[in-house]
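**Student:** Below is upload.pdb; it holds PDB, C-alpha atoms, pLDDT in the B column.
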```
ATOM      1  CA  MET L   1      93.594 105.785 123.999  1.00 42.00           C
ATOM      2  CA  PHE L   2      93.306 102.861 121.610  1.00 40.00           C
ATOM      3  CA  PRO L   3      93.855  99.938 124.014  1.00 44.00           C
ATOM      4  CA  SER L   4      92.161  97.449 121.726  1.00 43.00           C
ATOM      5  CA  ILE L   5      94.045  98.132 118.483  1.00 43.00           C
ATOM      6  CA  LEU L   6      95.239  94.747 117.308  1.00 42.00           C
ATOM      7  CA  PRO L   7      98.784  94.417 115.995  1.00 42.00           C
ATOM      8  CA  ALA L   8      97.952  92.276 113.004  1.00 41.00           C
ATOM      9  CA  GLU L   9      97.237  94.398 109.952  1.00 43.00           C
ATOM     10  CA  SER L  10      94.421  92.161 108.749  1.00 40.00           C
ATOM     11  CA  GLU L  11      92.579  91.889 112.041  1.00 38.00           C
ATOM     12  CA  PRO L  12      89.581  94.154 112.626  1.00 38.00           C
ATOM     13  CA  ASN L  13      89.481  96.948 115.195  1.00 44.00           C
ATOM     14  CA  SER L  14      86.191  95.685 116.607  1.00 36.00           C
ATOM     15  CA  GLU L  15      86.655  97.196 120.071  1.00 41.00           C
ATOM     16  CA  VAL L  16      88.081 100.597 119.251  1.00 44.00           C
ATOM     17  CA  SER L  17      86.325 102.922 121.666  1.00 47.00           C
ATOM     18  CA  SER L  18      88.506 106.006 121.757  1.00 76.00           C
ATOM     19  CA  ARG L  19      86.662 109.072 122.921  1.00 84.00           C
ATOM     20  CA  TRP L  20      88.348 111.067 120.171  1.00 87.00           C
ATOM     21  CA  LEU L  21      87.235 108.630 117.506  1.00 89.00           C
ATOM     22  CA  TRP L  22      83.655 108.713 118.749  1.00 91.00           C
ATOM     23  CA  ALA L  23      83.873 112.510 118.896  1.00 91.00           C
ATOM     24  CA  ALA L  24      84.914 112.530 115.228  1.00 92.00           C
ATOM     25  CA  ARG L  25      81.943 110.318 114.380  1.00 93.00           C
ATOM     26  CA  CYS L  26      79.541 112.595 116.251  1.00 94.00           C
ATOM     27  CA  PHE L  27      80.862 115.771 114.604  1.00 95.00           C
ATOM     28  CA  ALA L  28      80.716 114.118 111.167  1.00 94.00           C
ATOM     29  CA  PHE L  29      77.101 113.166 111.895  1.00 95.00           C
ATOM     30  CA  ILE L  30      76.240 116.763 112.853  1.00 95.00           C
ATOM     31  CA  CYS L  31      77.759 117.993 109.578  1.00 93.00           C
ATOM     32  CA  MET L  32      75.695 115.425 107.692  1.00 93.00           C
ATOM     33  CA  ILE L  33      72.474 116.568 109.400  1.00 94.00           C
ATOM     34  CA  ALA L  34      73.218 120.228 108.642  1.00 93.00           C
ATOM     35  CA  LEU L  35      73.848 119.409 104.980  1.00 93.00           C
ATOM     36  CA  GLY L  36      70.625 117.414 104.808  1.00 92.00           C
ATOM     37  CA  VAL L  37      68.555 120.254 106.261  1.00 92.00           C
ATOM     38  CA  GLY L  38      70.182 122.735 103.901  1.00 91.00           C
ATOM     39  CA  PHE L  39      69.501 120.484 100.936  1.00 90.00           C
ATOM     40  CA  VAL L  40      65.812 120.180 101.813  1.00 89.00           C
ATOM     41  CA  ALA L  41      65.506 123.942 102.379  1.00 87.00           C
ATOM     42  CA  GLU L  42      66.954 124.783  98.964  1.00 86.00           C
ATOM     43  CA  ALA L  43      65.058 121.987  97.226  1.00 85.00           C
ATOM     44  CA  GLU L  44      61.739 123.449  98.405  1.00 85.00           C
ATOM     45  CA  ALA L  45      62.655 127.043  97.567  1.00 80.00           C
ATOM     46  CA  GLU L  46      61.569 126.969  93.906  1.00 75.00           C
ATOM     47  CA  PHE L  47      60.441 124.716  91.073  1.00 73.00           C
ATOM     48  CA  ASN L  48      63.936 123.688  89.991  1.00 73.00           C
ATOM     49  CA  GLY L  49      65.220 123.784  93.568  1.00 74.00           C
ATOM     50  CA  PRO L  50      66.031 120.042  93.784  1.00 82.00           C
ATOM     51  CA  LEU L  51      68.391 120.265  90.801  1.00 82.00           C
ATOM     52  CA  LEU L  52      70.108 123.374  92.164  1.00 81.00           C
ATOM     53  CA  ALA L  53      70.315 121.818  95.624  1.00 83.00           C
ATOM     54  CA  LEU L  54      71.971 118.758  94.156  1.00 82.00           C
ATOM     55  CA  PHE L  55      74.504 121.006  92.457  1.00 79.00           C
ATOM     56  CA  THR L  56      75.059 123.067  95.615  1.00 82.00           C
ATOM     57  CA  PHE L  57      75.050 120.408  98.320  1.00 87.00           C
ATOM     58  CA  GLY L  58      75.935 117.353  96.240  1.00 83.00           C
ATOM     59  CA  PRO L  59      79.755 117.448  96.526  1.00 85.00           C
ATOM     60  CA  TRP L  60      79.779 118.158 100.254  1.00 89.00           C
ATOM     61  CA  GLY L  61      76.983 115.684 100.887  1.00 89.00           C
ATOM     62  CA  LEU L  62      78.760 112.901  99.023  1.00 88.00           C
ATOM     63  CA  LEU L  63      82.034 113.646 100.781  1.00 89.00           C
ATOM     64  CA  SER L  64      80.278 113.638 104.160  1.00 90.00           C
ATOM     65  CA  LEU L  65      78.624 110.295 103.419  1.00 90.00           C
ATOM     66  CA  VAL L  66      81.975 108.740 102.490  1.00 89.00           C
ATOM     67  CA  LEU L  67      83.566 110.190 105.623  1.00 91.00           C
ATOM     68  CA  LEU L  68      80.818 109.111 108.000  1.00 91.00           C
ATOM     69  CA  ARG L  69      80.703 105.609 106.548  1.00 90.00           C
ATOM     70  CA  SER L  70      84.501 105.254 106.632  1.00 89.00           C
ATOM     71  CA  LEU L  71      84.757 106.333 110.269  1.00 90.00           C
ATOM     72  CA  PHE L  72      82.851 103.179 111.239  1.00 89.00           C
ATOM     73  CA  LEU L  73      85.133 100.785 109.386  1.00 84.00           C
ATOM     74  CA  ARG L  74      86.834  98.196 111.564  1.00 78.00           C
ATOM     75  CA  ARG L  75      90.234  97.730 109.939  1.00 82.00           C
ATOM     76  CA  LYS L  76      93.204  99.932 110.654  1.00 83.00           C
ATOM     77  CA  ASN L  77      94.085 101.132 107.163  1.00 84.00           C
ATOM     78  CA  PRO L  78      90.522 102.075 106.041  1.00 86.00           C
ATOM     79  CA  LEU L  79      89.907 103.725 109.408  1.00 89.00           C
ATOM     80  CA  THR L  80      93.165 105.662 109.113  1.00 89.00           C
ATOM     81  CA  PHE L  81      92.133 106.750 105.622  1.00 91.00           C
ATOM     82  CA  ALA L  82      88.909 108.107 107.138  1.00 91.00           C
ATOM     83  CA  LEU L  83      90.892 110.018 109.763  1.00 91.00           C
ATOM     84  CA  GLY L  84      92.966 111.630 107.020  1.00 92.00           C
ATOM     85  CA  LEU L  85      89.806 112.533 105.147  1.00 92.00           C
ATOM     86  CA  GLY L  86      88.337 114.114 108.275  1.00 91.00           C
ATOM     87  CA  THR L  87      91.535 116.089 108.801  1.00 91.00           C
ATOM     88  CA  ALA L  88      91.457 117.505 105.274  1.00 90.00           C
ATOM     89  CA  ALA L  89      87.765 118.443 105.219  1.00 89.00           C
ATOM     90  CA  PRO L  90      88.087 121.674 107.301  1.00 89.00           C
ATOM     91  CA  PHE L  91      90.916 122.899 105.075  1.00 87.00           C
ATOM     92  CA  ILE L  92      88.800 122.302 101.970  1.00 85.00           C
ATOM     93  CA  ALA L  93      86.030 124.424 103.485  1.00 83.00           C
ATOM     94  CA  LEU L  94      88.555 127.092 104.486  1.00 81.00           C
ATOM     95  CA  PHE L  95      89.914 127.150 100.950  1.00 77.00           C
ATOM     96  CA  GLY L  96      86.424 127.572  99.552  1.00 74.00           C
ATOM     97  CA  ALA L  97      85.540 130.350 101.989  1.00 72.00           C
ATOM     98  CA  ALA L  98      88.814 132.226 101.480  1.00 68.00           C
ATOM     99  CA  SER L  99      88.682 132.064  97.697  1.00 62.00           C
ATOM    100  CA  GLY L 100      84.990 132.848  97.346  1.00 57.00           C
ATOM    101  CA  GLU L 101      85.773 135.939  95.302  1.00 55.00           C
ATOM    102  CA  PHE L 102      87.067 133.724  92.515  1.00 53.00           C
ATOM    103  CA  SER L 103      83.762 131.881  92.350  1.00 50.00           C
ATOM    104  CA  ARG L 104      81.963 135.203  91.846  1.00 53.00           C
ATOM    105  CA  ALA L 105      84.355 136.607  89.263  1.00 52.00           C
ATOM    106  CA  PRO L 106      83.430 136.289  85.565  1.00 53.00           C
ATOM    107  CA  ALA L 107      85.520 133.653  83.844  1.00 49.00           C
ATOM    108  CA  ARG L 108      86.721 136.129  81.196  1.00 49.00           C
ATOM    109  CA  SER L 109      88.190 138.432  83.845  1.00 49.00           C
ATOM    110  CA  LEU L 110      90.548 135.742  85.118  1.00 48.00           C
ATOM    111  CA  PRO L 111      93.937 136.288  83.482  1.00 51.00           C
ATOM    112  CA  ASN L 112      95.240 132.742  83.237  1.00 58.00           C
ATOM    113  CA  LEU L 113      94.338 129.086  83.438  1.00 59.00           C
ATOM    114  CA  PRO L 114      95.338 128.465  87.101  1.00 60.00           C
ATOM    115  CA  LEU L 115      92.892 131.124  88.254  1.00 62.00           C
ATOM    116  CA  VAL L 116      90.167 129.620  86.057  1.00 60.00           C
ATOM    117  CA  ILE L 117      90.764 126.266  87.751  1.00 63.00           C
ATOM    118  CA  LEU L 118      90.719 127.969  91.150  1.00 65.00           C
ATOM    119  CA  LYS L 119      87.415 129.647  90.308  1.00 65.00           C
ATOM    120  CA  PHE L 120      85.629 126.383  89.639  1.00 64.00           C
ATOM    121  CA  MET L 121      87.206 124.453  92.500  1.00 66.00           C
ATOM    122  CA  ALA L 122      86.306 127.274  94.889  1.00 69.00           C
ATOM    123  CA  SER L 123      82.701 127.294  93.693  1.00 68.00           C
ATOM    124  CA  PHE L 124      82.339 123.652  94.724  1.00 69.00           C
ATOM    125  CA  ALA L 125      84.474 123.843  97.868  1.00 76.00           C
ATOM    126  CA  ARG L 126      82.655 126.785  99.437  1.00 78.00           C
ATOM    127  CA  PRO L 127      80.402 125.846 102.365  1.00 82.00           C
ATOM    128  CA  PRO L 128      77.041 125.415 100.600  1.00 85.00           C
ATOM    129  CA  PHE L 129      75.100 127.350 103.226  1.00 86.00           C
ATOM    130  CA  VAL L 130      76.649 130.581 101.947  1.00 79.00           C
ATOM    131  CA  VAL L 131      74.845 130.023  98.652  1.00 77.00           C
ATOM    132  CA  LEU L 132      71.482 130.063 100.434  1.00 80.00           C
ATOM    133  CA  HIS L 133      72.110 133.663 101.473  1.00 74.00           C
ATOM    134  CA  GLU L 134      73.277 134.729  98.014  1.00 75.00           C
ATOM    135  CA  ARG L 135      70.628 132.930  95.955  1.00 78.00           C
ATOM    136  CA  TYR L 136      67.596 133.002  98.278  1.00 81.00           C
ATOM    137  CA  PRO L 137      67.283 136.021 100.601  1.00 81.00           C
ATOM    138  CA  GLU L 138      64.353 134.320 102.337  1.00 81.00           C
ATOM    139  CA  LEU L 139      66.696 131.469 103.326  1.00 84.00           C
ATOM    140  CA  ALA L 140      69.459 133.724 104.642  1.00 84.00           C
ATOM    141  CA  THR L 141      68.488 133.070 108.271  1.00 87.00           C
ATOM    142  CA  ILE L 142      68.407 129.306 108.016  1.00 89.00           C
ATOM    143  CA  GLY L 143      71.626 129.402 106.004  1.00 86.00           C
ATOM    144  CA  ALA L 144      73.365 131.322 108.796  1.00 87.00           C
ATOM    145  CA  LEU L 145      71.909 129.063 111.472  1.00 89.00           C
ATOM    146  CA  LEU L 146      73.174 125.982 109.649  1.00 90.00           C
ATOM    147  CA  LEU L 147      76.557 127.472 108.823  1.00 89.00           C
ATOM    148  CA  TRP L 148      77.556 127.907 112.469  1.00 91.00           C
ATOM    149  CA  PRO L 149      77.061 124.302 113.661  1.00 92.00           C
ATOM    150  CA  PHE L 150      78.504 123.013 110.383  1.00 93.00           C
ATOM    151  CA  SER L 151      81.642 125.156 110.681  1.00 91.00           C
ATOM    152  CA  ILE L 152      82.188 124.404 114.365  1.00 93.00           C
ATOM    153  CA  SER L 153      81.590 120.691 113.894  1.00 94.00           C
ATOM    154  CA  LEU L 154      83.900 120.617 110.878  1.00 93.00           C
ATOM    155  CA  ALA L 155      86.677 122.301 112.854  1.00 92.00           C
ATOM    156  CA  MET L 156      86.213 119.919 115.785  1.00 94.00           C
ATOM    157  CA  LEU L 157      86.136 117.016 113.332  1.00 94.00           C
ATOM    158  CA  GLY L 158      89.571 117.997 112.079  1.00 92.00           C
ATOM    159  CA  LEU L 159      90.918 118.240 115.624  1.00 93.00           C
ATOM    160  CA  SER L 160      89.371 114.931 116.659  1.00 92.00           C
ATOM    161  CA  THR L 161      90.724 113.024 113.687  1.00 92.00           C
ATOM    162  CA  VAL L 162      94.261 114.360 114.187  1.00 91.00           C
ATOM    163  CA  VAL L 163      94.289 113.360 117.854  1.00 89.00           C
ATOM    164  CA  ALA L 164      92.683 109.993 117.091  1.00 88.00           C
ATOM    165  CA  PHE L 165      95.302 109.235 114.450  1.00 88.00           C
ATOM    166  CA  THR L 166      98.102 110.254 116.808  1.00 85.00           C
ATOM    167  CA  LYS L 167      96.843 107.889 119.491  1.00 81.00           C
ATOM    168  CA  MET L 168      96.298 105.086 117.000  1.00 80.00           C
ATOM    169  CA  ALA L 169      99.763 105.475 115.504  1.00 76.00           C
ATOM    170  CA  HIS L 170     101.325 105.523 118.979  1.00 73.00           C
ATOM    171  CA  GLU L 171     100.164 102.007 119.777  1.00 69.00           C
ATOM    172  CA  ALA L 172      99.659 100.304 116.422  1.00 64.00           C
ATOM    173  CA  LYS L 173     102.264  98.458 114.406  1.00 64.00           C
ATOM    174  CA  GLY L 174     102.745  98.949 110.681  1.00 59.00           C
ATOM    175  CA  MET L 175     103.229 102.697 111.058  1.00 73.00           C
ATOM    176  CA  LYS L 176     104.436 103.128 107.478  1.00 76.00           C
ATOM    177  CA  LYS L 177     101.188 101.722 106.071  1.00 79.00           C
ATOM    178  CA  LEU L 178      99.156 103.871 108.446  1.00 82.00           C
ATOM    179  CA  ARG L 179     100.953 106.975 107.289  1.00 85.00           C
ATOM    180  CA  TRP L 180     100.284 106.093 103.667  1.00 88.00           C
ATOM    181  CA  ALA L 181      96.608 105.507 104.449  1.00 87.00           C
ATOM    182  CA  PHE L 182      96.363 108.792 106.360  1.00 90.00           C
ATOM    183  CA  GLY L 183      98.078 110.679 103.521  1.00 89.00           C
ATOM    184  CA  ALA L 184      95.719 109.086 101.000  1.00 89.00           C
ATOM    185  CA  GLY L 185      92.774 110.308 103.070  1.00 89.00           C
ATOM    186  CA  VAL L 186      94.206 113.830 103.158  1.00 90.00           C
ATOM    187  CA  CYS L 187      94.694 113.858  99.368  1.00 90.00           C
ATOM    188  CA  PHE L 188      91.324 112.288  98.581  1.00 88.00           C
ATOM    189  CA  PRO L 189      89.257 115.542  98.767  1.00 83.00           C
ATOM    190  CA  LEU L 190      91.610 117.240  96.308  1.00 81.00           C
ATOM    191  CA  VAL L 191      91.222 114.369  93.828  1.00 84.00           C
ATOM    192  CA  PHE L 192      87.480 114.270  94.518  1.00 83.00           C
ATOM    193  CA  TRP L 193      86.965 117.970  93.810  1.00 77.00           C
ATOM    194  CA  THR L 194      89.207 117.834  90.734  1.00 76.00           C
ATOM    195  CA  ILE L 195      87.136 115.006  89.247  1.00 80.00           C
ATOM    196  CA  ILE L 196      83.869 116.837  89.985  1.00 76.00           C
ATOM    197  CA  THR L 197      85.011 120.166  88.564  1.00 72.00           C
ATOM    198  CA  LEU L 198      86.744 118.714  85.493  1.00 73.00           C
ATOM    199  CA  PRO L 199      83.615 118.646  83.249  1.00 69.00           C
ATOM    200  CA  PHE L 200      82.729 122.233  84.183  1.00 64.00           C
ATOM    201  CA  LEU L 201      86.343 123.286  83.700  1.00 65.00           C
ATOM    202  CA  LEU L 202      86.381 121.818  80.195  1.00 69.00           C
ATOM    203  CA  LEU L 203      83.182 123.702  79.364  1.00 65.00           C
ATOM    204  CA  ALA L 204      84.739 126.910  80.685  1.00 58.00           C
ATOM    205  CA  LEU L 205      87.859 126.405  78.580  1.00 62.00           C
ATOM    206  CA  VAL L 206      85.729 125.848  75.483  1.00 63.00           C
ATOM    207  CA  ALA L 207      83.781 129.038  76.258  1.00 57.00           C
ATOM    208  CA  LEU L 208      86.973 131.015  76.782  1.00 56.00           C
ATOM    209  CA  HIS L 209      88.425 129.694  73.525  1.00 59.00           C
ATOM    210  CA  SER L 210      85.333 130.804  71.636  1.00 57.00           C
ATOM    211  CA  PHE L 211      85.798 134.442  72.654  1.00 52.00           C
TER     212      PHE L 211
END
```
Show me the file's structure as structure tokens.

**Tutor:**
Amino acid sequence: MFPSILPAESEPNSEVSSRWLWAARCFAFICMIALGVGFVAEAEAEFNGPLLALFTFGPWGLLSLVLLRSLFLRRKNPLTFALGLGTAAPFIALFGAASGEFSRAPARSLPNLPLVILKFMASFARPPFVVLHERYPELATIGALLLWPFSISLAMLGLSTVVAFTKMAHEAKGMKKLRWAFGAGVCFPLVFWTIITLPFLLLALVALHSF
């Protein structure tokens, strides 16, 4: 439970020690380690590996850093935002994995603009360890080994953040503000991926218009 949540909105949650919150922090840390190992493995694979690794692991790595840092914030609203972000992260990965065929399809074969947008968003949202298998056969084993702990930890992160938010909301005042903060955290990955993919989407639209 969250016995030390303070009622005042501006007071810090300095003694929050929920087991679910600490579980979310631990699972977020495991995801961060897996992404770091995957980044190093791809960076050392070839001469231009660091640039490709930044492209492959950059979005997920940046999102994981924001999440891990936010989970240690001490005020209710920023912490609730982090819980919403942790809840949305598994669904982003699921979206990327389920729509992987769009990321492999040629842009010209997509019949309309929504599918073009889906193609580029899926290419960034896919778990980056899958790319290790597709791009570097010699890294297929390490990619699979990293994908399992990353996927399991991401799923448990989503569960932990939902339960932690439920317990926090049960005892904290200012529920309306907490809901807004949680919803903002859920929507943040969508905005984040849209901003990242926008330059590539514009380039794709220019290429399509030239044909």

**Student:** So that I can check the surroundings of L:Gly86, please list as a list in words every protein, DNA and RNA residue that reaches within 7 Å of it, counting only C-alpha atoms and ignoring chain neighbours fewer than 3 positions away.

**Tutor:** Leu67, Ala82, Leu83, Ala89, Leu157, Gly158 and Thr161 of chain L

**Student:** If we draw a sphere of 6 Å around (79.8, 118.4, 113.8), which residues have at least one atom in it when counting only C-alpha atoms? Please report them as a list in words.

**Tutor:**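 Selection result: Phe27, Ala28, Ile30, Cys31, Phe150, Ser153 and Leu154 of chain L.
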
**Student:** Find the residue from L:Leu132, L:Leu62, L:Leu71, L:Cys26 that sits nearest to L:Gly84; use all atoms listed in the file when measuring.

**Tutor:**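 That would be L:Leu71, the residue with the smallest distance to L:Gly84.
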
**Student:** Compare L:Thr194, L:Ser18, L:Asn77, L:Thr56 by their minimum atom-to-atom distance to L:Leu178, counting all atoms listed in the file, and give me the closest one.

**Tutor:**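 Closest to L:Leu178 of all the choices is L:Asn77.
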
**Student:** Counting all atoms listed in the file, which of L:Ala125, L:Leu63, L:Ala23, L:Leu73 gets nearest to L:Phe95?

**Tutor:**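 Checking each candidate against L:Phe95, we get L:Ala125 as the closest.
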
**Student:** Determine the axis-aligned bounding box of all atoms of stretch 165-171 of chain L present in the file, pad each side by 8 Å, and express its centre and edge lengths in Å to one decimal place as JSON.

**Tutor:**
```
{"center_x": 98.3, "center_y": 106.1, "center_z": 117.1, "size_x": 22.0, "size_y": 24.2, "size_z": 21.3}
```
